[in-house]
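Report on one structure; see the data block that follows.
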Amino acid sequence: MKILLVGSGGREHALAWKISQSPLCEHLICAPGNAGICEIADCANIPADDIVGLIGLIQRESIDFVVVGPEAPLALGLVDALTEQGIASFGPTEAAAMLETSKAFTKDFCTRHDIPTARYDVFTELLDAKKYLGEMSAPYVIKADGLAAGKGVVIAESKAEAETELEEFFSGKFGDAGTCVVIEEFMTGFEISFFAISDGKSVLPLIEAQDHKRAFDGDKGPNTGGMGAYSPVPGFDQAMSKRVMTEIIIPTIEGMAKENAPFVGVLFAGLMMTGSGPKLIEYNVRFGDPECQLLMRRLDSDILEIFIAASQGKLKSLLAPKWNKNPVVNVVLAAKGYPGKYKKGTKIIGVDAANLLDGVQVFHAGTRRADDGSLQASGGRVLNITAEGKTIDQAVARAYSAIDEVIEWPDGFCRRDIAKQAL
């Protein structure tokens, strides 16, 4: 089959790496891709959100199947457009993608379908939002309703700070994404990323990971798209996986079907593991980044076969996926200044050598090749250093060894405490 993968991040490099291993994949094209993806697939310089351009590419190349990586084209209705053209694809429709594109929709959906989540309310007016703060106690969780590249959540430690944040939200801090705001109670516990794949009726559970959202060690600094992750997560066992499926994932798939928006694709549940059990923080409708890199490293089954079965409504016919039990860690190397302003075009050396280390696989995100063939940074999150080990300690040591001893990039930084909780 001729496959098109849409996207350009570390998630897409991991997906390209895994898809290219499938016997079903004869030719892989990625749009737009990055410097790492270009080593294993043909890349077409078409942005992921250029729906017309992507459909033109698909028609010119006679693509058999499309895998959509990031959220932006899903929100724009790429899958709907492909379906209208009779092109087979994996990913949710624009209506089903509302689970990610509108936090207000998802919170109200949870209420309608008795899915455990934090107490909340939704606001489109600043004064009403400020008034609601008086009904809650600090800290306050404030979320932009729409897509904000993983950065649209603020935890305010005081009422005064929360009021200031609300003023910034409604003044355009997150653009149109912040014109509607969700205010939630602060939940105590630890966060888990849990993944499942659905064909609209059946659900296939995958595995869990734990992300590190803040920019700096000790979970300090601003929220980012993710600075690292690890899997498996100690204490998250099969019994808890079944509970998450029973209480959260399955009711979601059934609820979306009842509301005439059947969900086909990856359902990524951000969960808070509280004293009373798992509660939904938010949904994403695609693989997480940096979590996807871990899942693809640990998955021993054919991911393309799973995607195709889901698109055809045939998940029930598949055997449960096989997983490598060894721990995998992903440490993100980001440009200094991220998630704020940062320089582009800085030179990176040593990635190929790092890939030769035991258990190490580097996935590119914001990278490009210069005219002289050198590797350059072109984004905020630039490289994903994934490492597998027989123990979590060994996996962590291998990842940081690659960063400290092999990769040379003075303009990059990383957190030094990835997987510390597991250690």
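Chain lettering (A, B, ...) mirrors the order of the structure tokens, residue numbering begins at 1 for each chain separately, and ligand numbering begins at 1 in order of display.
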(request) Give me the residues within 12 Å of stretch 238-247 of chain A as a ChimeraX atom specification, counting only C-alpha atoms and dropping any in the same chain fewer than 6 places off. (result) /A:110,113-117,192-198,202-209,232,253-254,267-273,277-280
(message) as a PyMOL selection string, please: every residue in stretch 287-412 of chain A that a backbone DSSP assignment puts in helix (DSSP H, G or I).
(response) chain A and resi 291-298+303-311+315-317+351-354+392-405
Could you save the residues just selected, with N, CA and C atoms, as a short mmCIF file (atom, residue, chain, number, x, y, z; two decimals), in the first residue's frame?
```cif
data_model
loop_
_atom_site.label_atom_id
_atom_site.label_comp_id
_atom_site.auth_asym_id
_atom_site.auth_seq_id
_atom_site.Cartn_x
_atom_site.Cartn_y
_atom_site.Cartn_z
N GLU A 291 4.49 11.21 24.21
CA GLU A 291 4.14 9.84 24.58
C GLU A 291 4.15 8.86 23.41
N CYS A 292 3.76 9.32 22.24
CA CYS A 292 3.70 8.44 21.07
C CYS A 292 5.04 7.75 20.81
N GLN A 293 6.12 8.49 21.04
CA GLN A 293 7.44 7.93 20.80
C GLN A 293 7.68 6.71 21.68
N LEU A 294 7.18 6.74 22.91
CA LEU A 294 7.30 5.59 23.82
C LEU A 294 6.45 4.43 23.33
N LEU A 295 5.21 4.73 22.94
CA LEU A 295 4.30 3.66 22.51
C LEU A 295 4.85 2.94 21.28
N MET A 296 5.39 3.69 20.33
CA MET A 296 5.91 3.05 19.13
C MET A 296 7.17 2.23 19.45
N ARG A 297 7.96 2.67 20.42
CA ARG A 297 9.13 1.88 20.82
C ARG A 297 8.73 0.59 21.51
N ARG A 298 7.63 0.63 22.28
CA ARG A 298 7.23 -0.55 23.05
C ARG A 298 6.31 -1.50 22.27
N ILE A 303 1.43 -1.52 13.66
CA ILE A 303 0.54 -0.39 13.91
C ILE A 303 -0.32 -0.07 12.70
N LEU A 304 0.21 -0.26 11.50
CA LEU A 304 -0.57 0.04 10.30
C LEU A 304 -1.76 -0.91 10.17
N GLU A 305 -1.57 -2.16 10.52
CA GLU A 305 -2.67 -3.12 10.51
C GLU A 305 -3.78 -2.68 11.46
N ILE A 306 -3.41 -2.14 12.62
CA ILE A 306 -4.39 -1.65 13.59
C ILE A 306 -5.14 -0.45 13.03
N PHE A 307 -4.42 0.49 12.43
CA PHE A 307 -5.05 1.69 11.87
C PHE A 307 -6.06 1.31 10.78
N ILE A 308 -5.67 0.41 9.91
CA ILE A 308 -6.56 0.02 8.81
C ILE A 308 -7.80 -0.68 9.34
N ALA A 309 -7.62 -1.58 10.31
CA ALA A 309 -8.76 -2.28 10.90
C ALA A 309 -9.73 -1.30 11.55
N ALA A 310 -9.19 -0.28 12.24
CA ALA A 310 -10.05 0.72 12.88
C ALA A 310 -10.83 1.50 11.83
N SER A 311 -10.18 1.86 10.73
CA SER A 311 -10.85 2.64 9.69
C SER A 311 -11.96 1.85 9.02
N LEU A 315 -11.95 -3.66 14.29
CA LEU A 315 -11.02 -3.85 15.41
C LEU A 315 -11.25 -5.16 16.15
N LYS A 316 -12.51 -5.58 16.22
CA LYS A 316 -12.83 -6.82 16.96
C LYS A 316 -12.12 -8.04 16.37
N SER A 317 -11.76 -7.97 15.09
CA SER A 317 -11.13 -9.12 14.43
C SER A 317 -9.65 -9.23 14.76
N VAL A 351 23.66 13.23 16.18
CA VAL A 351 22.43 12.45 16.24
C VAL A 351 22.64 11.04 15.67
N ASP A 352 23.33 10.95 14.55
CA ASP A 352 23.59 9.64 13.96
C ASP A 352 24.39 8.75 14.91
N ALA A 353 25.37 9.33 15.58
CA ALA A 353 26.16 8.57 16.54
C ALA A 353 25.32 8.12 17.74
N ALA A 354 24.40 8.97 18.16
CA ALA A 354 23.53 8.62 19.28
C ALA A 354 22.65 7.42 18.93
N ILE A 392 14.11 0.89 34.51
CA ILE A 392 13.91 2.31 34.26
C ILE A 392 15.21 3.08 34.49
N ASP A 393 16.00 2.64 35.47
CA ASP A 393 17.29 3.29 35.75
C ASP A 393 18.19 3.22 34.52
N GLN A 394 18.25 2.04 33.89
CA GLN A 394 19.11 1.88 32.73
C GLN A 394 18.60 2.71 31.55
N ALA A 395 17.29 2.76 31.36
CA ALA A 395 16.73 3.55 30.27
C ALA A 395 17.05 5.03 30.45
N VAL A 396 16.90 5.55 31.67
CA VAL A 396 17.21 6.95 31.97
C VAL A 396 18.69 7.23 31.73
N ALA A 397 19.54 6.34 32.22
CA ALA A 397 20.98 6.53 32.06
C ALA A 397 21.38 6.57 30.59
N ARG A 398 20.80 5.70 29.79
CA ARG A 398 21.12 5.66 28.36
C ARG A 398 20.68 6.94 27.65
N ALA A 399 19.50 7.44 27.99
CA ALA A 399 19.01 8.67 27.34
C ALA A 399 19.91 9.85 27.66
N TYR A 400 20.24 10.03 28.94
CA TYR A 400 21.06 11.18 29.31
C TYR A 400 22.52 11.02 28.87
N SER A 401 22.98 9.79 28.74
CA SER A 401 24.32 9.55 28.21
C SER A 401 24.41 10.02 26.77
N ALA A 402 23.36 9.74 25.99
CA ALA A 402 23.34 10.20 24.59
C ALA A 402 23.36 11.72 24.52
N ILE A 403 22.63 12.37 25.41
CA ILE A 403 22.56 13.83 25.42
C ILE A 403 23.88 14.44 25.88
N ASP A 404 24.46 13.90 26.93
CA ASP A 404 25.64 14.51 27.55
C ASP A 404 26.95 14.16 26.86
N GLU A 405 27.02 12.97 26.26
CA GLU A 405 28.30 12.49 25.75
C GLU A 405 28.39 12.42 24.23
#
```
For stretch 182-233 of chain A versus stretch 135-148 of chain A, which residues have an atom no more than 10 Å away, and what is each residue's nearest atom pair and distance in Å rounded to one decimal, using only C-alpha atoms, chain-then-number order, as a Markdown table?
```
| residue | atom | partner | partner_atom | distance |
| --- | --- | --- | --- | --- |
| A:Val182 | CA | A:Lys143 | CA | 5.1 |
| A:Ile183 | CA | A:Ile142 | CA | 4.7 |
| A:Glu184 | CA | A:Val141 | CA | 5.1 |
| A:Glu185 | CA | A:Tyr140 | CA | 6.1 |
| A:Phe186 | CA | A:Val141 | CA | 5.9 |
| A:Met187 | CA | A:Val141 | CA | 9.1 |
| A:Gly225 | CA | A:Ala148 | CA | 9.6 |
```
Deliver the residues from the most recent selection as a file, using N, CA and C atoms, as a JSON list (two decimals), in the first residue's frame.
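Once everything was written out, this is result-v8.json:
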```json
[["chain", "number", "residue", "atom", "x", "y", "z"],
["A", 182, "VAL", "N", -12.83, 27.65, 30.56],
["A", 182, "VAL", "CA", -13.31, 26.66, 31.53],
["A", 182, "VAL", "C", -12.54, 26.86, 32.83],
["A", 183, "ILE", "N", -13.25, 26.96, 33.93],
["A", 183, "ILE", "CA", -12.62, 27.03, 35.25],
["A", 183, "ILE", "C", -12.96, 25.74, 35.99],
["A", 184, "GLU", "N", -11.93, 25.07, 36.51],
["A", 184, "GLU", "CA", -12.11, 23.78, 37.17],
["A", 184, "GLU", "C", -11.57, 23.82, 38.59],
["A", 185, "GLU", "N", -12.09, 22.90, 39.40],
["A", 185, "GLU", "CA", -11.47, 22.66, 40.69],
["A", 185, "GLU", "C", -10.12, 21.99, 40.47],
["A", 186, "PHE", "N", -9.20, 22.20, 41.40],
["A", 186, "PHE", "CA", -7.89, 21.58, 41.34],
["A", 186, "PHE", "C", -7.98, 20.17, 41.92],
["A", 187, "MET", "N", -7.60, 19.18, 41.14],
["A", 187, "MET", "CA", -7.64, 17.80, 41.60],
["A", 187, "MET", "C", -6.27, 17.38, 42.12],
["A", 225, "GLY", "N", 4.47, 21.79, 25.34],
["A", 225, "GLY", "CA", 3.85, 20.66, 24.67],
["A", 225, "GLY", "C", 4.27, 19.33, 25.27]]
```
(message) Show me, as a list in words, the residues that have an atom within 9 Å of A:Cys43 when counting only C-alpha atoms, minus same-chain residues fewer than 6 positions from it.
(response) Leu28, Ile29, Cys30, Ala31, Pro32, Gly33, Asn34 and Ile37 of chain A
Prev. selection, C-alpha atoms, output as a CSV table (one decimal), in the first residue's frame:
```
chain,number,residue,atom,x,y,z
A,28,LEU,CA,5.6,6.0,2.7
A,29,ILE,CA,5.1,9.7,2.0
A,30,CYS,CA,5.0,12.3,4.7
A,31,ALA,CA,3.7,15.9,4.5
A,32,PRO,CA,5.5,18.0,5.4
A,33,GLY,CA,7.8,15.8,7.5
A,34,ASN,CA,11.2,16.8,9.1
A,37,ILE,CA,11.4,11.5,8.6
```
(request) Apply DSSP to the structure's backbone, then extract all residues of stretch 104-233 of chain A labelled strand (DSSP E or B) and return them as number ranges by chain. (result) A: 117, 120-123, 140-144, 153-156, 181-185, 190-199, 203-211, 214-216, 220-223, 228-231
(request) For each of A:Arg416, A:Lys325, A:Phe287, A:Lys347, take the minimum atom-to-atom distance to A:Gly373, counting only C-alpha atoms, then give the residue where this is smallest. (result) A:Lys347
(message) Under the rule that only C-alpha atoms are counted, which of A:Glu282, A:Glu61, A:Glu388, A:Asp219 is the nearest residue to A:Ile248?
(response) A:Glu282
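For the choices A:Gly189, A:Glu161, A:Gly255, A:Val153, the atom-to-atom distance to A:Phe174 is smallest for A:Val153 when using only C-alpha atoms.
If you look at atom CA of A:Gly7 and atom CA of A:Asn45, they are 10.6 Å away from each other.
Comparing A:Gly36, A:Gly337, A:Gly265, A:Gly350 by their smallest distance to A:Asp411, the closest is A:Gly337 (using only C-alpha atoms).
The closest residue to A:Thr252, picked from A:Ala118, A:Ala160, A:Ala14, A:Leu99 and counting only C-alpha atoms, is A:Leu99.
Nearest to A:Pro92 of all the residues A:Ala261, A:Val122, A:Ile55, A:Val360 is A:Ala261, counting only C-alpha atoms.
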(request) Within 12 Å of A:Ala149, counting only C-alpha atoms, which residues show up once you throw out same-chain ones fewer than 5 positions away? Write them as a ChimeraX atom specification, please. (result) /A:70-72,100-101,144,174-175,177,213,223-226,284,288-289,339,380-381
How would the residues just picked look written out with N, CA and C atoms as an mmCIF file, in the first residue's frame?
```cif
data_model
loop_
_atom_site.group_PDB
_atom_site.id
_atom_site.type_symbol
_atom_site.label_atom_id
_atom_site.label_comp_id
_atom_site.auth_asym_id
_atom_site.auth_seq_id
_atom_site.Cartn_x
_atom_site.Cartn_y
_atom_site.Cartn_z
ATOM 1 N N PRO A 70 -1.257 15.124 13.689
ATOM 2 C CA PRO A 70 -1.550 16.214 14.618
ATOM 3 C C PRO A 70 -3.029 16.597 14.669
ATOM 4 N N GLU A 71 -3.348 17.444 15.634
ATOM 5 C CA GLU A 71 -4.742 17.821 15.875
ATOM 6 C C GLU A 71 -5.273 18.870 14.908
ATOM 7 N N ALA A 72 -4.398 19.774 14.418
ATOM 8 C CA ALA A 72 -4.885 20.890 13.597
ATOM 9 C C ALA A 72 -5.654 20.435 12.353
ATOM 10 N N GLU A 100 -11.367 17.155 21.648
ATOM 11 C CA GLU A 100 -10.138 17.900 21.914
ATOM 12 C C GLU A 100 -10.279 19.378 21.605
ATOM 13 N N THR A 101 -10.976 19.701 20.546
ATOM 14 C CA THR A 101 -10.998 21.091 20.089
ATOM 15 C C THR A 101 -11.841 22.007 20.962
ATOM 16 N N ALA A 144 -8.164 27.475 28.371
ATOM 17 C CA ALA A 144 -8.730 27.980 27.119
ATOM 18 C C ALA A 144 -9.577 26.879 26.501
ATOM 19 N N PHE A 174 -4.500 33.672 24.322
ATOM 20 C CA PHE A 174 -4.487 32.481 23.481
ATOM 21 C C PHE A 174 -5.344 32.653 22.229
ATOM 22 N N GLY A 175 -5.517 33.901 21.806
ATOM 23 C CA GLY A 175 -6.286 34.169 20.599
ATOM 24 C C GLY A 175 -7.723 33.703 20.729
ATOM 25 N N ALA A 177 -8.820 30.811 20.851
ATOM 26 C CA ALA A 177 -8.957 29.649 21.738
ATOM 27 C C ALA A 177 -9.392 30.050 23.138
ATOM 28 N N LYS A 213 4.995 18.072 31.731
ATOM 29 C CA LYS A 213 4.509 19.221 30.965
ATOM 30 C C LYS A 213 5.326 20.495 31.184
ATOM 31 N N ASN A 223 3.866 25.862 31.137
ATOM 32 C CA ASN A 223 3.458 24.643 30.441
ATOM 33 C C ASN A 223 4.068 24.621 29.046
ATOM 34 N N THR A 224 4.355 23.421 28.592
ATOM 35 C CA THR A 224 4.891 23.221 27.246
ATOM 36 C C THR A 224 4.066 22.147 26.548
ATOM 37 N N GLY A 225 4.475 21.789 25.337
ATOM 38 C CA GLY A 225 3.854 20.658 24.667
ATOM 39 C C GLY A 225 4.271 19.327 25.265
ATOM 40 N N GLY A 226 5.265 19.331 26.157
ATOM 41 C CA GLY A 226 5.760 18.115 26.796
ATOM 42 C C GLY A 226 7.269 18.053 26.710
ATOM 43 N N ASN A 284 -7.496 14.215 24.213
ATOM 44 C CA ASN A 284 -6.910 14.554 22.921
ATOM 45 C C ASN A 284 -7.350 13.472 21.947
ATOM 46 N N GLY A 288 -0.311 11.399 21.873
ATOM 47 C CA GLY A 288 0.411 12.472 22.546
ATOM 48 C C GLY A 288 1.831 12.579 22.018
ATOM 49 N N ASP A 289 2.408 13.733 22.209
ATOM 50 C CA ASP A 289 3.797 13.974 21.838
ATOM 51 C C ASP A 289 4.422 14.681 23.025
ATOM 52 N N PRO A 339 9.248 27.604 26.163
ATOM 53 C CA PRO A 339 8.229 27.824 25.134
ATOM 54 C C PRO A 339 8.033 29.284 24.730
ATOM 55 N N GLY A 380 10.709 24.677 18.438
ATOM 56 C CA GLY A 380 10.913 24.772 19.879
ATOM 57 C C GLY A 380 11.362 23.455 20.481
ATOM 58 N N ARG A 381 10.532 22.432 20.311
ATOM 59 C CA ARG A 381 10.942 21.076 20.698
ATOM 60 C C ARG A 381 11.613 20.453 19.477
#
```
(message) If I take atom CA of A:Val382 and atom CA of A:Leu76, how far is one from the other in Å, to one decimal?
(response) 25.3 Å
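Note that the spacing between atom CA of A:Pro47 and atom CA of A:Cys25 amounts to 22.6 Å.
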(request) With a distance cut-off of 12 Å and only C-alpha atoms, select the neighbouring residues of A:Ile418, excluding the residue or stretch itself and same-chain residues fewer than 3 positions from it, and output the selection as an MDAnalysis selection string. (result) chainID A and resid 210:219 226:231 290 328:333 385:387 392:393 395:397 399:400 414:415 421:423
With N, CA and C atoms retained, export the selected residues as an mmCIF file, in the first residue's frame.
```
data_model
loop_
_atom_site.group_PDB
_atom_site.id
_atom_site.type_symbol
_atom_site.label_atom_id
_atom_site.label_comp_id
_atom_site.auth_asym_id
_atom_site.auth_seq_id
_atom_site.Cartn_x
_atom_site.Cartn_y
_atom_site.Cartn_z
ATOM 1 N N GLN A 210 3.602 8.512 31.360
ATOM 2 C CA GLN A 210 3.524 9.709 32.195
ATOM 3 C C GLN A 210 4.355 10.819 31.568
ATOM 4 N N ASP A 211 3.715 11.945 31.344
ATOM 5 C CA ASP A 211 4.311 13.096 30.664
ATOM 6 C C ASP A 211 4.864 14.079 31.697
ATOM 7 N N HIS A 212 5.751 14.956 31.252
ATOM 8 C CA HIS A 212 6.289 16.044 32.071
ATOM 9 C C HIS A 212 6.026 17.339 31.318
ATOM 10 N N LYS A 213 4.995 18.072 31.731
ATOM 11 C CA LYS A 213 4.509 19.221 30.965
ATOM 12 C C LYS A 213 5.326 20.495 31.184
ATOM 13 N N ARG A 214 5.772 20.734 32.413
ATOM 14 C CA ARG A 214 6.432 22.009 32.705
ATOM 15 C C ARG A 214 7.819 22.066 32.082
ATOM 16 N N ALA A 215 8.293 23.284 31.853
ATOM 17 C CA ALA A 215 9.549 23.469 31.122
ATOM 18 C C ALA A 215 10.780 23.052 31.917
ATOM 19 N N PHE A 216 10.722 23.179 33.244
ATOM 20 C CA PHE A 216 11.947 23.013 34.024
ATOM 21 C C PHE A 216 11.814 21.928 35.094
ATOM 22 N N ASP A 217 12.953 21.528 35.634
ATOM 23 C CA ASP A 217 13.005 20.474 36.651
ATOM 24 C C ASP A 217 12.077 20.788 37.825
ATOM 25 N N GLY A 218 11.584 19.710 38.439
ATOM 26 C CA GLY A 218 10.708 19.873 39.582
ATOM 27 C C GLY A 218 9.337 20.393 39.209
ATOM 28 N N ASP A 219 8.952 20.232 37.924
ATOM 29 C CA ASP A 219 7.675 20.735 37.416
ATOM 30 C C ASP A 219 7.516 22.225 37.665
ATOM 31 N N GLY A 226 5.265 19.331 26.157
ATOM 32 C CA GLY A 226 5.760 18.115 26.796
ATOM 33 C C GLY A 226 7.269 18.053 26.710
ATOM 34 N N MET A 227 7.947 17.878 27.853
ATOM 35 C CA MET A 227 9.409 17.875 27.899
ATOM 36 C C MET A 227 10.000 16.479 28.088
ATOM 37 N N GLY A 228 9.152 15.474 28.138
ATOM 38 C CA GLY A 228 9.650 14.111 28.294
ATOM 39 C C GLY A 228 8.564 13.227 28.864
ATOM 40 N N ALA A 229 8.796 11.932 28.822
ATOM 41 C CA ALA A 229 7.805 10.976 29.314
ATOM 42 C C ALA A 229 8.469 9.622 29.517
ATOM 43 N N TYR A 230 7.740 8.728 30.169
ATOM 44 C CA TYR A 230 8.231 7.364 30.350
ATOM 45 C C TYR A 230 7.066 6.392 30.422
ATOM 46 N N SER A 231 7.355 5.140 30.148
ATOM 47 C CA SER A 231 6.354 4.074 30.187
ATOM 48 C C SER A 231 7.087 2.745 30.355
ATOM 49 N N PRO A 290 5.190 13.986 23.875
ATOM 50 C CA PRO A 290 6.155 12.933 23.558
ATOM 51 C C PRO A 290 5.744 11.483 23.866
ATOM 52 N N VAL A 328 10.758 2.377 28.658
ATOM 53 C CA VAL A 328 11.298 3.303 27.673
ATOM 54 C C VAL A 328 11.122 4.724 28.207
ATOM 55 N N VAL A 329 12.164 5.539 28.031
ATOM 56 C CA VAL A 329 12.152 6.934 28.467
ATOM 57 C C VAL A 329 12.346 7.822 27.251
ATOM 58 N N ASN A 330 11.661 8.967 27.236
ATOM 59 C CA ASN A 330 11.848 9.950 26.178
ATOM 60 C C ASN A 330 12.206 11.286 26.813
ATOM 61 N N VAL A 331 13.387 11.803 26.492
ATOM 62 C CA VAL A 331 13.822 13.115 26.967
ATOM 63 C C VAL A 331 13.816 14.070 25.780
ATOM 64 N N VAL A 332 13.086 15.169 25.917
ATOM 65 C CA VAL A 332 12.985 16.154 24.836
ATOM 66 C C VAL A 332 14.110 17.174 24.948
ATOM 67 N N LEU A 333 14.814 17.377 23.835
ATOM 68 C CA LEU A 333 15.777 18.468 23.727
ATOM 69 C C LEU A 333 15.078 19.628 23.027
ATOM 70 N N ILE A 385 15.014 12.075 22.540
ATOM 71 C CA ILE A 385 15.985 11.010 22.767
ATOM 72 C C ILE A 385 15.273 9.909 23.548
ATOM 73 N N THR A 386 14.903 8.842 22.854
ATOM 74 C CA THR A 386 14.227 7.724 23.509
ATOM 75 C C THR A 386 15.248 6.639 23.791
ATOM 76 N N ALA A 387 15.081 5.996 24.937
ATOM 77 C CA ALA A 387 16.004 4.927 25.319
ATOM 78 C C ALA A 387 15.245 3.824 26.046
ATOM 79 N N ILE A 392 14.114 0.891 34.514
ATOM 80 C CA ILE A 392 13.908 2.308 34.260
ATOM 81 C C ILE A 392 15.207 3.078 34.493
ATOM 82 N N ASP A 393 16.005 2.640 35.469
ATOM 83 C CA ASP A 393 17.291 3.286 35.745
ATOM 84 C C ASP A 393 18.194 3.222 34.524
ATOM 85 N N ALA A 395 17.293 2.756 31.361
ATOM 86 C CA ALA A 395 16.731 3.554 30.271
ATOM 87 C C ALA A 395 17.054 5.033 30.451
ATOM 88 N N VAL A 396 16.903 5.548 31.671
ATOM 89 C CA VAL A 396 17.210 6.949 31.972
ATOM 90 C C VAL A 396 18.687 7.229 31.728
ATOM 91 N N ALA A 397 19.539 6.341 32.221
ATOM 92 C CA ALA A 397 20.985 6.532 32.061
ATOM 93 C C ALA A 397 21.376 6.567 30.589
ATOM 94 N N ALA A 399 19.498 7.445 27.989
ATOM 95 C CA ALA A 399 19.006 8.671 27.344
ATOM 96 C C ALA A 399 19.912 9.855 27.663
ATOM 97 N N TYR A 400 20.236 10.034 28.938
ATOM 98 C CA TYR A 400 21.065 11.184 29.313
ATOM 99 C C TYR A 400 22.516 11.018 28.869
ATOM 100 N N CYS A 414 17.379 20.550 28.226
ATOM 101 C CA CYS A 414 16.403 19.511 28.565
ATOM 102 C C CYS A 414 16.177 19.499 30.068
ATOM 103 N N ARG A 415 15.099 18.894 30.472
ATOM 104 C CA ARG A 415 14.895 18.635 31.897
ATOM 105 C C ARG A 415 15.797 17.485 32.316
ATOM 106 N N GLN A 421 10.021 10.336 39.119
ATOM 107 C CA GLN A 421 8.964 9.753 39.959
ATOM 108 C C GLN A 421 9.031 8.240 39.940
ATOM 109 N N ALA A 422 9.320 7.676 38.762
ATOM 110 C CA ALA A 422 9.418 6.214 38.659
ATOM 111 C C ALA A 422 10.651 5.705 39.371
ATOM 112 N N LEU A 423 11.746 6.478 39.316
ATOM 113 C CA LEU A 423 12.978 6.080 39.982
ATOM 114 C C LEU A 423 12.817 6.107 41.492
#
```
